[in-house]
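So the structure is just underneath, and the comments pick up after that.
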Amino acid sequence: FVKSSVIEGTQFEDDSDQETIDAKDILKRELQDERKTLPIYKFRDELLKAVDEYQVIVIVGETGSGKTTQIPQYLHEAGYTARGKVVCTQPRRVAAMSVAARVSQEMGVKLGHEVGYSIRFEDCTSEKTMIKYMTDGMLLREFLGEPDLAGYSVVMVDEAHERTLSTDILFGLVKDIARFRPDLKLLISSATLDAEKISDYFDSAPIFKIPGRRYPVEVHYTKAPEADYIDAAIVTILQIHVTQPPGDILVFLTGQEEIETVDEILKHKTRGLGTKIPELNICPIYANLPTELQAKIFETTPEGSRKVVLATNIAETSLTIDGIKYVIDPGFCKIKSYNPRTGMESLLINPISKASANQRAGRSGRTGPGKCFRLYTSYNYMHDLEDNTVPEIQRTNLANVVLTLKSLGIHDLVNFDFMDPPPSEALLKALEQLFALSALNSRGELTKTGRRMAEFPLDPMLSKMIVASEKYKCSDEVMSIASMLSIGNSIFYRPKDKQVHADNARLNFHTGNVGDHIALLNVYNSWRETDFSTQWCYENYIQVRSMKRARDIRDQLEGLMERVEIEVCSNASDLDAIKKAITSGFFHHSARLQKNGSYRTVKNPQTVFIHPSSGLAQLLPRWVIYHELVLTTKEYMRQVTELKPEWLVEIAPHYYQLKDVDDAGSKKLPKGQGRAAL
Ligand code: ADP
Ligand code: MG
């Protein structure tokens with residue numbers, strides 16, 4: 001009796017195994033059929049022939065034609081992976097992960113085995129990996145360890161039209177190694193048609209065009225400018241949902257906060273619609289969205305319901321979602337902009353370019369005729385939008401890039417082969433900043449500090465803070481702070497119905513008005529003391545997911561500490577030591593209180609305020625150091641810690657002089673004389 005039940009059990013298991021294998025096989029077969037329907041499929045052999053013949057090829061093809069998912073597979077099928085890995089770079093983390101997941105599915109292998117991805121702080125590859133998707137920034141870092149990219153047989157720089165900073169630097173580096181590695185194949189792929197410029201840059205490399213399928217798209221404009229594009233977007237979504245035939249909706253928003261707002265309002269508004277109106281499935285997608293939820297945007301919409309995807313720019317060209325029939329384009333995106341004169345960098349919501357607007361509209365016409373609703377006027381489109389987005393290299397802080405290039409032994413930055421050289425003012429500013437951080441000496445050469453800093457995949461100010469923690473014997477604490485800062489703004493949460501509780505929980509970590517950096521440390525350490533308890537996170541209104549990510553980042557930083565030979569030691573009771581280590585990295589970001597409660601940044605004077613979410617927002621210390629500036633209704637400092645002004649002179653004597661920090665004295669100085677010469 002017993003035996004038979006065991007046999008039954010075994011049989012049952014066998015059966016279910018059989019079933020899953022079958023299901024997998026069916027899925028794989030279906031996916032293989034689907035692959036053949038992509039526009040690129042017809043050009044497979046021609047493309048492989050071209051790759052065989054030429055070392056460098058520029059590939060142009062409409063978004064969704066199959067460039068990212070198919071080309072690396074074709075190369076693998078043609079045997080290129082036998083000679084080295086095929087790598088495909090993406091400007092965005094989410095795209096790298098999502099595409100890798102898709103390709104591993106198509107190939108019927110486990111993600112991280114034959115097909116993997118690598119993004120900052122997350123390496124999902126193994127010995128077996130043959131096709132590797134990674135962010136362009138990560139490939140840049142790989143040059144540090146392997147300057148000739150010996151492990152790769154093909155490098156595909158994808159989404160080249162985005163012209164991210166890392167892509168532009170990669171261009172220069174891969175062009176260079178292609179010269180002494182004739183066996184290396186280079187593919188540069190782009191979604192826009194102006195590939196001539198890229199081709200010219202790569203010594204007239206041939207351009208391979210993949211004609212896309214495109215159905216007509218009806219473009220609608222608003223009659224008058226919209227006062228509030230969030231409002232307008234919500235109204236438009238609901239109008240489409242109620243009046244238009246079936247088909248999914250894609251809405252372009254600028255970031256996580258906007259997406260969450262729209263998500264919440266939509267959920268609220270659709271509750272009252274009644275049963276006659278089909279269901280509306282809301283699918284957000286943005287960089288920090290947890291991986292498990294990212295896949296949701298690709299799920300097919302059940303019959304009788306409609307999907308609305310709320311996306312950042314990621315859906316413009318990086319990800320293609322099938323079934324989109326309606327696009328709502330408010331006309332904005334968040335971009336980093338940098339003022340080389342002041343050295344200030346901020347994320348700003350800006351109007352998009354005409355090229356972007358056209359890409360966005362095109363998303364609706366992939367599988368059939370589509371409609372695009374632009375929440376701006378046709379006059380705006382014609383007269384106010386730039387033709388193209390300015391490449392990032394022209395509008396960013398270059399300190400990180402300069403540090404990377406210097407550590408690659410590239411000294412002569414002025415003559416580096418940039419496709420569009422950065423403004424020389426920005427280069428100079430970066431050199432100055434690295435000099436002030438002691439990463440470069442006065443001859444512009446990398447110092448020991450600089451070499452150590454370059455090991456960390458962080459902004460130079462953060463890596464300097466970590467390297468400086470050696471001196472103050474508090475590396476344990478500083479690593480935790482750096483990890484928490486790297487998570488961004490998603491540690492605490494504040495449910496609408498429990499705001500008071502959430503705020504009280506948060507204030508606990510600020511006891512003694514220690515400042516935001518130490519408060520983050522308190523959060524991390526308290527969590528660590530509970531042995532990383534999830535329950536503890538719930539009780540304290542802290543996002544457990546963010547904390548886990550911070551722990552991952554911290555583990556990796558700890559690994560790097562070993563590489564740069566900094567001993568991990570704790571100095572928890574000496575808060576001044578920890579604050580001095582922070583100041584060693586962030587002394588550029590100092591500000592002094594003004595009579596009216598605002599602050600004035602010490603160098604490059606500018607009026608700023610403490611962000612209301614800061615633990616010091618009510619306290620207004622005389623001198624503060626901040627992590628970053630964010631511009632919303634005002635220019636706010638986020639993550640603020642009190643500072644003793646004499647530390648600035650002690651820690652950065654070549655940047656600050658006594659007169660900069662002497663409260664009484666500085667007021668008597670005529671304008672501009674308070675600056676230390678550099
Ligand atoms: P391109 O790079 O030319 O824009 P892709 O290779 O990204 O094109 O996309 C080809 C097809 O693969 C598209 O139809 C897209 O919907 C599908 N696809 C890509 N990634 C995923 C994913 N993660 N899940 C489901 N489908 C995907
Ligand atoms: Mg692509």
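Residues in the structure tokens are numbered from 1 in each chain, the chains being A, B, ... in the order shown, and ligands are numbered from 1 in the order shown.
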
### Query
Which residues, written as a PyMOL selection string, have at least one atom at most 12 Å from Leu140 in chain A, with only C-alpha atoms counted and residues fewer than 3 positions away on the same chain left out?
chain A and resi 89-91+118-120+134-137+143-149+155+157+165-174+400-401+403-405+407-408+454+457

Restricting the output to C-alpha atoms, write the selected residues as a PDB file, in the first residue's frame.
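Okay, out-v4.pdb is ready:
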```
ATOM      1  CA  THR A  89      25.674  47.413 -24.786  1.00  0.00           C
ATOM      2  CA  GLN A  90      22.562  49.270 -23.683  1.00  0.00           C
ATOM      3  CA  PRO A  91      22.282  52.771 -22.262  1.00  0.00           C
ATOM      4  CA  SER A 118      25.887  42.847 -16.293  1.00  0.00           C
ATOM      5  CA  ILE A 119      24.861  46.175 -14.845  1.00  0.00           C
ATOM      6  CA  ARG A 120      26.345  48.241 -12.069  1.00  0.00           C
ATOM      7  CA  MET A 134      25.470  45.135 -20.397  1.00  0.00           C
ATOM      8  CA  THR A 135      25.161  48.827 -19.795  1.00  0.00           C
ATOM      9  CA  ASP A 136      27.580  50.945 -21.817  1.00  0.00           C
ATOM     10  CA  GLY A 137      29.006  52.219 -18.531  1.00  0.00           C
ATOM     11  CA  PHE A 143      38.457  48.354 -20.147  1.00  0.00           C
ATOM     12  CA  LEU A 144      40.141  49.005 -16.809  1.00  0.00           C
ATOM     13  CA  GLY A 145      40.777  45.307 -16.313  1.00  0.00           C
ATOM     14  CA  GLU A 146      41.111  44.269 -19.952  1.00  0.00           C
ATOM     15  CA  PRO A 147      42.157  47.162 -22.197  1.00  0.00           C
ATOM     16  CA  ASP A 148      41.977  45.109 -25.402  1.00  0.00           C
ATOM     17  CA  LEU A 149      38.669  43.389 -24.542  1.00  0.00           C
ATOM     18  CA  VAL A 155      31.178  44.308 -29.608  1.00  0.00           C
ATOM     19  CA  VAL A 157      27.241  49.227 -29.336  1.00  0.00           C
ATOM     20  CA  LEU A 165      28.255  59.809 -22.298  1.00  0.00           C
ATOM     21  CA  SER A 166      29.472  56.226 -21.958  1.00  0.00           C
ATOM     22  CA  THR A 167      28.532  55.394 -25.546  1.00  0.00           C
ATOM     23  CA  ASP A 168      30.504  58.363 -26.822  1.00  0.00           C
ATOM     24  CA  ILE A 169      33.574  57.335 -24.827  1.00  0.00           C
ATOM     25  CA  LEU A 170      33.147  53.724 -25.949  1.00  0.00           C
ATOM     26  CA  PHE A 171      33.200  54.918 -29.558  1.00  0.00           C
ATOM     27  CA  GLY A 172      36.678  56.334 -29.065  1.00  0.00           C
ATOM     28  CA  LEU A 173      37.966  53.270 -27.241  1.00  0.00           C
ATOM     29  CA  VAL A 174      36.561  50.571 -29.523  1.00  0.00           C
ATOM     30  CA  ASN A 400      34.022  60.450 -13.806  1.00  0.00           C
ATOM     31  CA  VAL A 401      35.001  60.048 -17.439  1.00  0.00           C
ATOM     32  CA  LEU A 403      39.130  59.671 -14.059  1.00  0.00           C
ATOM     33  CA  THR A 404      38.353  56.535 -16.077  1.00  0.00           C
ATOM     34  CA  LEU A 405      40.320  57.703 -19.110  1.00  0.00           C
ATOM     35  CA  SER A 407      43.302  55.328 -15.316  1.00  0.00           C
ATOM     36  CA  LEU A 408      43.293  53.755 -18.776  1.00  0.00           C
ATOM     37  CA  ALA A 454      38.875  54.673 -10.055  1.00  0.00           C
ATOM     38  CA  PRO A 457      31.966  52.349  -9.816  1.00  0.00           C
TER      39      PRO A 457
END
```

Would you write out, as CSV, a table of all residues in chain A that have an atom no more than 10 Å from an atom of ligand 1, listing for each the closest atom pair and the distance in Å to one decimal, considering only C-alpha atoms and all ligand atoms and ordering rows by chain and rising residue number?
```
residue,atom,partner,partner_atom_place_in_ligand_line,distance
A:Leu31,CA,ligand 1,26 (N),9.6
A:Glu34,CA,ligand 1,14 (O),8.5
A:Arg35,CA,ligand 1,11 (C),7.7
A:Thr37,CA,ligand 1,14 (O),9.1
A:Leu38,CA,ligand 1,10 (C),6.8
A:Pro39,CA,ligand 1,3 (O),8.7
A:Ile40,CA,ligand 1,3 (O),7.9
A:Ile59,CA,ligand 1,3 (O),9.9
A:Val60,CA,ligand 1,3 (O),8.7
A:Gly61,CA,ligand 1,3 (O),6.1
A:Glu62,CA,ligand 1,3 (O),6.0
A:Thr63,CA,ligand 1,4 (O),3.5
A:Gly64,CA,ligand 1,8 (O),3.5
A:Ser65,CA,ligand 1,3 (O),3.9
A:Gly66,CA,ligand 1,6 (O),3.3
A:Lys67,CA,ligand 1,3 (O),3.7
A:Thr68,CA,ligand 1,2 (O),3.6
A:Thr69,CA,ligand 1,6 (O),3.6
A:Gln70,CA,ligand 1,6 (O),5.7
A:Ile71,CA,ligand 1,6 (O),8.0
A:Pro72,CA,ligand 1,6 (O),9.6
A:Val94,CA,ligand 1,23 (N),9.6
A:Ala95,CA,ligand 1,23 (N),8.1
A:Ala96,CA,ligand 1,23 (N),9.4
A:Met97,CA,ligand 1,23 (N),8.1
A:Ser98,CA,ligand 1,23 (N),4.4
A:Val99,CA,ligand 1,20 (N),4.8
A:Ala100,CA,ligand 1,23 (N),7.4
A:Ala101,CA,ligand 1,23 (N),6.0
A:Arg102,CA,ligand 1,23 (N),4.4
A:Val103,CA,ligand 1,20 (N),7.6
A:Ser104,CA,ligand 1,23 (N),9.8
A:Gln105,CA,ligand 1,24 (N),8.9
A:Glu106,CA,ligand 1,26 (N),9.6
A:Asp158,CA,ligand 1,2 (O),7.9
A:Glu159,CA,ligand 1,2 (O),7.9
A:Ser189,CA,ligand 1,2 (O),8.6
A:Ser190,CA,ligand 1,3 (O),8.7
A:Ala191,CA,ligand 1,4 (O),7.3
A:Ile210,CA,ligand 1,3 (O),9.0
A:Gly212,CA,ligand 1,3 (O),8.8
A:Gln294,CA,ligand 1,23 (N),8.6
A:Ala295,CA,ligand 1,23 (N),6.6
A:Lys296,CA,ligand 1,24 (N),9.0
A:Ile297,CA,ligand 1,24 (N),8.2
A:Phe298,CA,ligand 1,25 (C),5.1
A:Glu299,CA,ligand 1,25 (C),7.5
A:Thr300,CA,ligand 1,25 (C),9.3
A:Ala315,CA,ligand 1,4 (O),9.9
A:Glu316,CA,ligand 1,4 (O),9.6
A:Thr317,CA,ligand 1,4 (O),6.2
A:Ser318,CA,ligand 1,4 (O),6.3
A:Leu319,CA,ligand 1,7 (O),5.7
A:Thr320,CA,ligand 1,16 (O),4.5
A:Ile321,CA,ligand 1,16 (O),4.7
A:Asp322,CA,ligand 1,16 (O),4.9
A:Gly323,CA,ligand 1,16 (O),8.6
A:Arg366,CA,ligand 1,14 (O),8.9
A:Thr367,CA,ligand 1,14 (O),9.3
```

### Task
Find the residues near Glu46 in chain A: any atom within 12 Å, counting only C-alpha atoms, skip ones fewer than 5 places away on the same chain, and give them as a ChimeraX atom specification.
/A:40-41,51-53,71,74,208-210

### Task
Report the distance between CA of Ile188 in chain A and CA of Ala399 in chain A in Å, rounded to one decimal place.
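Taking CA of Ile188 in chain A and CA of Ala399 in chain A, their separation equals 25.9 Å.
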
### Task
Identify, with DSSP run on backbone atoms, the residues in range 149-384 of chain A assigned to strand (DSSP E), and express the list as a ChimeraX atom specification.
/A:152-157,185-190,207-210,217-221,248-252,279-285,305-311,324-329,332-339,344-351,370-374

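If you count only C-alpha atoms and ignore residues fewer than 5 places along the chain from range 246-257 of chain A, what sits within 6 Å of it is A:Arg306, A:Lys307, A:Val308, A:Val309, A:Leu310, A:Ala311, A:Thr312, A:Gly323, A:Ile324, A:Lys325, A:Tyr326, A:Val327, A:Ile328, A:Asp329, A:Cys333, A:Lys334.
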